Structure formats: C-alpha cells, structure tokens
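Undergrad: data_35.txt is the file, holding compact mmCIF, C-alpha atoms and all ligand atoms:
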```txt
# COMPACT_ATOMS: atom_id res chain seq x y z
CA MET W 1 125.44 139.47 331.90
CA LEU W 2 127.61 142.15 330.35
CA GLN W 3 131.39 141.88 330.50
CA TYR W 4 131.54 145.62 331.08
CA LYS W 5 128.59 147.48 332.58
CA ARG W 6 129.85 151.08 332.73
CA ILE W 7 131.91 152.18 329.76
CA LEU W 8 133.70 155.36 328.86
CA LEU W 9 133.89 155.50 325.08
CA LYS W 10 136.43 157.84 323.55
CA LEU W 11 135.98 158.83 319.91
CA SER W 12 138.50 161.05 318.19
CA GLY W 13 137.31 164.08 316.32
CA GLU W 14 138.75 162.59 313.15
CA ALA W 15 136.50 159.55 313.48
CA LEU W 16 133.52 161.86 313.12
CA ALA W 17 134.97 163.41 310.00
CA GLY W 18 134.91 160.12 308.10
CA ALA W 19 136.52 160.15 304.69
CA ASP W 20 136.14 163.94 304.53
CA GLY W 21 139.02 164.24 307.00
CA TYR W 22 137.58 167.49 308.26
CA GLY W 23 134.38 168.68 309.93
CA LEU W 24 131.43 166.45 310.71
CA ASN W 25 130.20 163.62 308.53
CA ALA W 26 126.49 162.90 309.08
CA GLU W 27 126.83 159.25 308.09
CA MET W 28 129.61 158.61 310.63
CA LEU W 29 127.67 160.32 313.40
CA GLU W 30 124.66 158.19 312.54
CA ARG W 31 126.70 155.00 312.49
CA TYR W 32 128.41 155.55 315.86
CA ALA W 33 125.15 156.68 317.46
CA GLU W 34 123.54 153.44 316.34
CA GLU W 35 126.30 151.39 318.01
CA ILE W 36 125.78 153.35 321.21
CA ARG W 37 122.01 152.95 321.08
CA GLU W 38 122.37 149.17 320.75
CA ALA W 39 124.79 149.02 323.68
CA ARG W 40 122.49 151.18 325.79
CA ASP W 41 119.54 148.92 324.93
CA MET W 42 121.57 145.95 326.23
CA GLY W 43 121.77 147.68 329.59
CA ALA W 44 125.21 149.24 329.35
CA GLU W 45 125.87 152.60 331.00
CA ILE W 46 127.72 154.74 328.51
CA ALA W 47 129.69 157.93 328.92
CA LEU W 48 131.33 159.58 325.94
CA VAL W 49 134.33 161.79 325.38
CA ILE W 50 134.73 163.15 321.88
CA GLY W 51 137.90 164.76 320.56
CA GLY W 52 138.09 167.94 318.55
CA GLY W 53 140.83 167.23 316.03
CA ASN W 54 138.41 167.37 313.08
CA ILE W 55 137.87 171.06 313.80
CA PHE W 56 140.84 172.43 315.72
CA ARG W 57 143.89 171.22 317.58
CA GLY W 58 146.01 173.35 319.86
CA VAL W 59 149.21 171.75 318.59
CA SER W 60 148.36 171.89 314.87
CA GLU W 61 149.95 173.71 311.97
CA ALA W 62 147.07 176.21 311.97
CA ALA W 63 147.92 177.13 315.56
CA ALA W 64 151.69 177.31 315.06
CA LYS W 65 151.96 181.05 315.64
CA MET W 66 149.29 181.20 318.31
CA ASP W 67 149.60 181.39 322.03
CA ARG W 68 149.32 177.75 323.16
CA VAL W 69 146.74 178.36 325.85
CA GLN W 70 144.55 180.35 323.47
CA ALA W 71 144.81 177.59 320.86
CA ASP W 72 143.98 174.90 323.41
CA TYR W 73 140.82 176.75 324.43
CA MET W 74 139.82 176.73 320.77
CA GLY W 75 140.46 172.97 320.72
CA MET W 76 138.28 172.51 323.80
CA LEU W 77 135.48 174.47 322.13
CA ALA W 78 135.83 172.18 319.10
CA THR W 79 135.06 169.20 321.35
CA VAL W 80 131.88 170.95 322.47
CA ILE W 81 130.75 171.41 318.85
CA ASN W 82 131.28 167.68 318.27
CA SER W 83 129.51 166.84 321.53
CA LEU W 84 126.48 168.93 320.58
CA ALA W 85 126.30 167.21 317.19
CA PHE W 86 126.53 163.80 318.79
CA GLN W 87 123.93 164.67 321.40
CA ASP W 88 121.57 165.69 318.62
CA VAL W 89 121.94 162.46 316.66
CA LEU W 90 121.58 160.29 319.78
CA GLU W 91 118.42 162.08 320.89
CA ARG W 92 116.92 161.69 317.41
CA LYS W 93 117.38 157.95 317.91
CA GLY W 94 115.46 158.09 321.18
CA VAL W 95 118.54 157.87 323.42
CA PHE W 96 118.28 160.26 326.36
CA THR W 97 121.49 162.18 326.88
CA ARG W 98 123.10 164.84 329.02
CA LEU W 99 126.03 166.98 327.99
CA GLN W 100 128.35 168.08 330.78
CA THR W 101 131.19 170.45 330.06
CA ALA W 102 134.43 171.06 331.93
CA ILE W 103 134.07 174.77 331.16
CA LYS W 104 130.73 176.26 332.11
CA MET W 105 128.35 176.91 329.20
CA GLU W 106 125.13 176.85 331.11
CA GLN W 107 122.79 177.72 328.25
CA MET W 108 123.96 174.64 326.35
CA ALA W 109 125.12 172.09 328.86
CA GLU W 110 125.34 171.16 332.50
CA PRO W 111 128.63 171.84 334.24
CA PHE W 112 130.58 168.68 335.02
CA ILE W 113 129.41 167.35 338.38
CA ARG W 114 130.57 163.83 339.07
CA ARG W 115 127.68 162.72 341.27
CA ARG W 116 125.19 164.05 338.79
CA ALA W 117 126.93 162.30 335.90
CA VAL W 118 126.78 158.99 337.75
CA ARG W 119 123.09 159.51 338.53
CA HIS W 120 122.37 160.12 334.82
CA LEU W 121 124.17 156.91 333.93
CA GLU W 122 122.19 154.95 336.52
CA LYS W 123 119.01 156.29 334.92
CA GLY W 124 120.10 155.01 331.52
CA ARG W 125 121.10 158.34 330.03
CA VAL W 126 124.19 158.60 327.89
CA VAL W 127 126.46 161.26 329.36
CA ILE W 128 128.73 163.23 327.04
CA PHE W 129 131.68 165.01 328.59
CA GLY W 130 132.69 168.08 326.58
CA ALA W 131 135.57 170.60 326.70
CA GLY W 132 138.15 167.97 327.64
CA THR W 133 139.58 168.44 331.12
CA GLY W 134 138.94 172.19 330.94
CA ASN W 135 142.69 172.79 331.04
CA PRO W 136 145.17 173.65 328.31
CA TYR W 137 148.15 171.33 327.69
CA PHE W 138 145.92 168.27 328.03
CA THR W 139 144.22 166.07 325.46
CA THR W 140 140.83 164.45 325.21
CA ASP W 141 142.53 161.07 325.79
CA THR W 142 143.54 162.35 329.20
CA ALA W 143 140.05 163.78 329.72
CA ALA W 144 138.60 160.36 328.87
CA SER W 145 140.92 158.60 331.33
CA LEU W 146 140.20 161.12 334.06
CA ARG W 147 136.42 160.97 333.65
CA ALA W 148 136.47 157.17 333.39
CA ILE W 149 138.25 156.96 336.73
CA GLU W 150 135.98 159.54 338.32
CA ILE W 151 132.77 157.76 337.32
CA GLU W 152 134.31 154.37 338.17
CA ALA W 153 133.93 153.01 334.66
CA ASP W 154 134.82 149.33 334.18
CA VAL W 155 136.75 150.06 331.01
CA ILE W 156 137.77 152.84 328.67
CA VAL W 157 137.15 151.98 325.04
CA LYS W 158 139.02 153.85 322.38
CA GLY W 159 137.12 153.66 319.11
CA THR W 160 139.45 153.92 316.12
CA ARG W 161 139.45 152.98 312.45
CA VAL W 162 142.02 150.19 312.86
CA ASP W 163 141.55 146.83 314.61
CA GLY W 164 143.56 147.62 317.73
CA ILE W 165 147.14 148.23 318.83
CA TYR W 166 150.04 147.65 316.43
CA ASP W 167 153.78 148.28 316.65
CA SER W 168 153.50 150.67 313.71
CA ASP W 169 150.71 152.30 311.72
CA PRO W 170 148.86 149.43 309.96
CA GLU W 171 147.49 151.87 307.39
CA LYS W 172 151.08 152.56 306.30
CA ASN W 173 152.88 149.29 307.16
CA PRO W 174 151.14 146.07 306.01
CA HIS W 175 153.53 144.01 308.22
CA ALA W 176 152.70 145.88 311.42
CA GLU W 177 152.52 143.53 314.44
CA PHE W 178 149.16 143.32 316.23
CA PHE W 179 148.88 143.03 320.02
CA SER W 180 145.67 141.43 321.26
CA SER W 181 146.72 142.07 324.84
CA ILE W 182 149.55 144.18 326.25
CA SER W 183 150.57 145.71 329.59
CA TYR W 184 150.61 149.45 330.35
CA LEU W 185 154.36 149.18 330.87
CA ASP W 186 154.95 147.67 327.42
CA VAL W 187 152.82 150.36 325.80
CA ILE W 188 155.06 152.97 327.45
CA ARG W 189 158.32 151.06 326.81
CA LYS W 190 157.55 150.47 323.15
CA ASN W 191 156.19 154.00 322.80
CA LEU W 192 153.01 152.69 321.15
CA LYS W 193 150.51 155.25 319.98
CA VAL W 194 147.58 154.09 322.07
CA MET W 195 147.01 157.26 324.04
CA ASP W 196 149.35 160.01 325.12
CA MET W 197 151.63 159.36 328.08
CA THR W 198 149.59 161.34 330.61
CA ALA W 199 146.47 159.34 329.76
CA ILE W 200 148.26 155.96 329.88
CA THR W 201 149.89 156.80 333.20
CA LEU W 202 146.55 157.78 334.69
CA CYS W 203 144.99 154.50 333.55
CA SER W 204 147.97 152.50 334.79
CA GLU W 205 148.01 154.12 338.24
CA ASN W 206 144.32 153.45 338.66
CA VAL W 207 144.34 150.01 336.97
CA LEU W 208 141.68 151.02 334.47
CA PRO W 209 141.64 148.61 331.50
CA ILE W 210 141.78 150.14 328.03
CA VAL W 211 140.35 148.46 324.94
CA VAL W 212 141.24 149.77 321.50
CA LEU W 213 138.89 148.57 318.78
CA ASN W 214 137.73 149.29 315.27
CA MET W 215 134.58 151.36 315.64
CA ASN W 216 133.93 151.18 311.90
CA VAL W 217 133.16 147.46 312.07
CA LYS W 218 129.46 147.21 312.78
CA GLY W 219 128.64 145.44 316.05
CA ASN W 220 132.22 145.48 317.42
CA PHE W 221 131.28 147.63 320.39
CA THR W 222 128.36 145.46 321.52
CA ARG W 223 130.34 142.27 320.91
CA LEU W 224 133.02 143.53 323.28
CA LEU W 225 130.45 144.32 325.97
CA GLN W 226 129.05 140.81 325.60
CA GLY W 227 132.45 139.32 326.36
CA GLU W 228 133.81 138.57 322.89
CA LYS W 229 137.48 139.10 322.21
CA VAL W 230 137.50 142.28 320.15
CA GLY W 231 140.38 144.69 319.58
CA SER W 232 143.39 145.02 321.89
CA LEU W 233 143.33 145.08 325.69
CA VAL W 234 145.77 147.10 327.78
CA HIS W 235 146.00 145.79 331.34
CA GLY W 236 148.16 145.83 334.49
N1 LIG N 1 142.32 170.24 324.63
C1 LIG N 1 142.84 170.86 325.76
N2 LIG N 1 142.60 170.30 326.98
C2 LIG N 1 141.91 169.13 327.15
C3 LIG N 1 141.42 168.50 326.00
C4 LIG N 1 141.63 169.06 324.74
O1 LIG N 1 143.47 171.89 325.66
O2 LIG N 1 141.72 168.70 328.30
C5 LIG N 1 142.48 170.88 323.30
C6 LIG N 1 143.86 170.66 322.67
O3 LIG N 1 144.20 171.85 321.97
C7 LIG N 1 143.59 169.54 321.68
C8 LIG N 1 142.19 169.87 321.21
O4 LIG N 1 141.54 170.36 322.39
O5 LIG N 1 144.52 169.59 320.62
C9 LIG N 1 141.39 168.72 320.62
O6 LIG N 1 141.51 167.57 321.41
P1 LIG N 1 142.28 166.26 320.91
O7 LIG N 1 143.49 166.65 320.13
O8 LIG N 1 142.50 165.40 322.11
O9 LIG N 1 141.20 165.62 319.95
P2 LIG N 1 141.26 164.27 319.08
O10 LIG N 1 142.68 164.06 318.64
O11 LIG N 1 140.80 163.15 319.94
O12 LIG N 1 140.31 164.53 317.95
```
How would this structure read if it were set down as structure tokens?
Ligand code: UDP

TA:
Amino acid sequence: MLQYKRILLKLSGEALAGADGYGLNAEMLERYAEEIREARDMGAEIALVIGGGNIFRGVSEAAAKMDRVQADYMGMLATVINSLAFQDVLERKGVFTRLQTAIKMEQMAEPFIRRRAVRHLEKGRVVIFGAGTGNPYFTTDTAASLRAIEIEADVIVKGTRVDGIYDSDPEKNPHAEFFSSISYLDVIRKNLKVMDMTAITLCSENVLPIVVLNMNVKGNFTRLLQGEKVGSLVHG
C-alpha cells in the first residue's frame, strides 16, 4: 500500500539546470526521470509541474525593463521547453507521458482538460502540465497547487536540493532550524520560503498536504510514497 497514490510533483526550473545554474542539464533530467519511473512502477499516479526559472523568469533582472505580462508569457514558454525535455527523457525510459499545456500549442501538446488528465493518470501515464496557470502574475508553484487540487492529488511534493523546510537558507546558514512538520499558518506567519503566498493559501484552503524534500538524494521520492518520514510536511 502506498502512503500517497496520486502525487503532483513540482520541480523548479533551477533543479533541472544542476550545477550549471542555467539551461538544461542532461544528467539531472536523467536522474529525476529515474525517480519518477521507479515511483510509477510502484503504482503511483504522477503528475508533474516544472518551473521555468532556468531559462526565463518574468520577475528577473533580464526582464526588468519589459512589460510584465510580456515577460510572464516568456516565462510560461520556458516551462514548456522544460516540459518537452522532461517528456523526452521519460519516454526514452519507457514511461508513457502526456503533456498538457495551459496555453494551447496543439502541434506539441494537448490542451489542459482536467477529465482527460485524470484518465491519463488512471491509465498509468505521467501527465506533465506546462505553461503554468496560463496567466501572468502567477508562478508555477501556484500552477502546481491549482492542478493538484483539480486532479484531487493526495499530496503536492516540492522537489528541492535541500532536505526540507528551514527557518533560513541552509545553504547559507549552517545553524538554520529544520521543521519536519509545520502548519500552513506557521509557514505564512514565519514567512518561510516554501511556496509563494498564493500557492500556500490555495493548499491551505483546500487542505492539500505539501511535502518538501531533497530530490537530489536518490530514492527519497519513492521512500516518501512508501510511508517513510522524508523531508518536511506542511499540514492543516
Ligand atoms: N509564469 C506565469 N504564470 C504562471 C506560471 C509561470 O506568468 O502561471 C511565468 C513567470 O514569469 C515565472 C516564470 O513563468 O517567473 C517561470 O516560472 P517560475 O518562476 O514559477 O519557475 P521556477 O522558479 O519554479 O523555476
């Protein structure tokens, strides 16, 4: 029995960049795809939302002089590039996938249709949601929360390169305090950088648990699904 059957996994664009810090790193793609393949083979239903920060962010320095909406559309397209790359690596591993985008790109992907996404998951396909929410002024964290609620996921897993939620950046502060479990309210009160406020609020209002874990530790993702205590849990 799996602890979580239907999972929405959110990976940031930066995670895919690996040590390069920019663009797509083939080794990272390969590594994450392997984790997903193993989880799928255990019977988990997996949907993915991938960020775009490794290519373009609407709120970045590079976009400082740009019209915000224009820049956000570029960010959304960046998530589609990442999604296509991830789809490719998963399919090469024999994992059947479907890419659904929030902005229609019919030659490349299906449009987002909730019922269809759920059907794909039931058939064992990994569904990748691209182009965020399809709206400017949002983030892929919010897209992940929204899609997770829509497909009635049991949990949203945020794959990062640190072990979970801390009171400050553990890569900068060696004394940062770790939270193995924390409420939505405390995340908001303490202004912890788990997800942006819109995303947290959405999860809180719909009582969707969030798990933040280190995706760079091999086997972490499957251990979580099997019921082991991995990462940090945000709950009601
Ligand atoms: N974006 C957007 N609407 C969305 C999702 C994303 O406008 O619903 C744009 C926004 O410009 C954002 C960029 O896409 O900066 C990349 O997404 P995000 O910053 O969430 O990626 P991550 O930090 O996870 O790599």

Undergrad: From the list W:Leu11, W:Met195, W:Ala117, W:Leu202, which residue is nearest ligand LIG 1 (chain N) when using only C-alpha atoms and all ligand atoms?

TA: W:Leu11

Undergrad: Would you mind telling me which residue in W:Gly164, W:Gly236, W:Gly134, W:Gly75 lies nearest to W:Val217 when using all atoms listed in the file?

TA: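 Result for the nearest residue to W:Val217: W:Gly164.
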
Undergrad: Please identify every polymer residue within 9 Å of ligand LIG 1 (chain N), using only C-alpha atoms and all ligand atoms, and present the set as a VMD selection string.

TA: chain W and resid 10 to 16 49 to 60 68 to 79 102 130 to 144

Undergrad: Work out how far apart atom CA of W:Gly219 and atom CA of W:Thr101 are and give it in Å to one decimal.

TA: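 Distance between the two atoms: 28.8 Å.
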
Undergrad: Tell me, as a ChimeraX atom specification, which residues lie within 7 Å of W:Leu2, counting all atoms listed in the file; anything in the same chain fewer than 4 positions away does not count.

TA: /W:225-227

Undergrad: Report, in Å to a single decimal, how far apart atom CA of W:Val155 and atom CA of W:Gln3 are.

TA: 9.8 Å

Undergrad: Between atom CA of W:Thr222 and atom CA of W:Leu90, what is the distance, to one decimal in Å?

TA: 16.4 Å

Undergrad: Given the point (155.2, 147.7, 328.2) in the file's coordinates, find the residues that have an atom at most 12 Å from it, counting only C-alpha atoms, and give them as a list in words.

TA: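 Every polymer residue passing the test: Asp167, Phe179, Ser181, Ile182, Ser183, Tyr184, Leu185, Asp186, Val187, Ile188, Arg189, Lys190, Asn191, Leu192, Val194, Ile200, Thr201, Ser204, Val234, His235 and Gly236 of chain W.
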
Undergrad: Work out where the centre of an axis-aligned box around every listed atom of stretch 62-70 of chain W lies and how long its edges are once 6 Å is added on each side; give both in Å to one decimal as JSON.

TA:
```
{"center_x": 148.3, "center_y": 178.8, "center_z": 318.9, "size_x": 19.4, "size_y": 17.2, "size_z": 25.9}
```

Undergrad: Can you work out which one of W:Ala47, W:Val95, W:Cys203, W:Ile128 has the shortest atom-to-atom distance to W:Arg6, counting only C-alpha atoms?

TA: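 Selected residue with least distance to W:Arg6: W:Ala47.
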
Undergrad: Using all atoms listed in the file, which residue out of W:Ala33, W:Ile46, W:Val162, W:Leu146 lies closest to W:Ala199?

TA: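 Nearest to W:Ala199: W:Leu146.
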
Undergrad: Hey, what's within 10 Å of W:Leu29 if we count only C-alpha atoms and toss same-chain stuff fewer than 6 positions away? As a tab-separated table (two decimals) with C-alpha atoms, keeping the file's coordinate frame, please?

TA:
```tsv
chain	number	residue	atom	x	y	z
W	15	ALA	CA	136.50	159.55	313.48
W	16	LEU	CA	133.52	161.86	313.12
W	17	ALA	CA	134.97	163.41	310.00
W	18	GLY	CA	134.91	160.12	308.10
W	82	ASN	CA	131.28	167.68	318.27
W	85	ALA	CA	126.30	167.21	317.19
W	86	PHE	CA	126.53	163.80	318.79
W	87	GLN	CA	123.93	164.67	321.40
W	88	ASP	CA	121.57	165.69	318.62
W	89	VAL	CA	121.94	162.46	316.66
W	90	LEU	CA	121.58	160.29	319.78
```
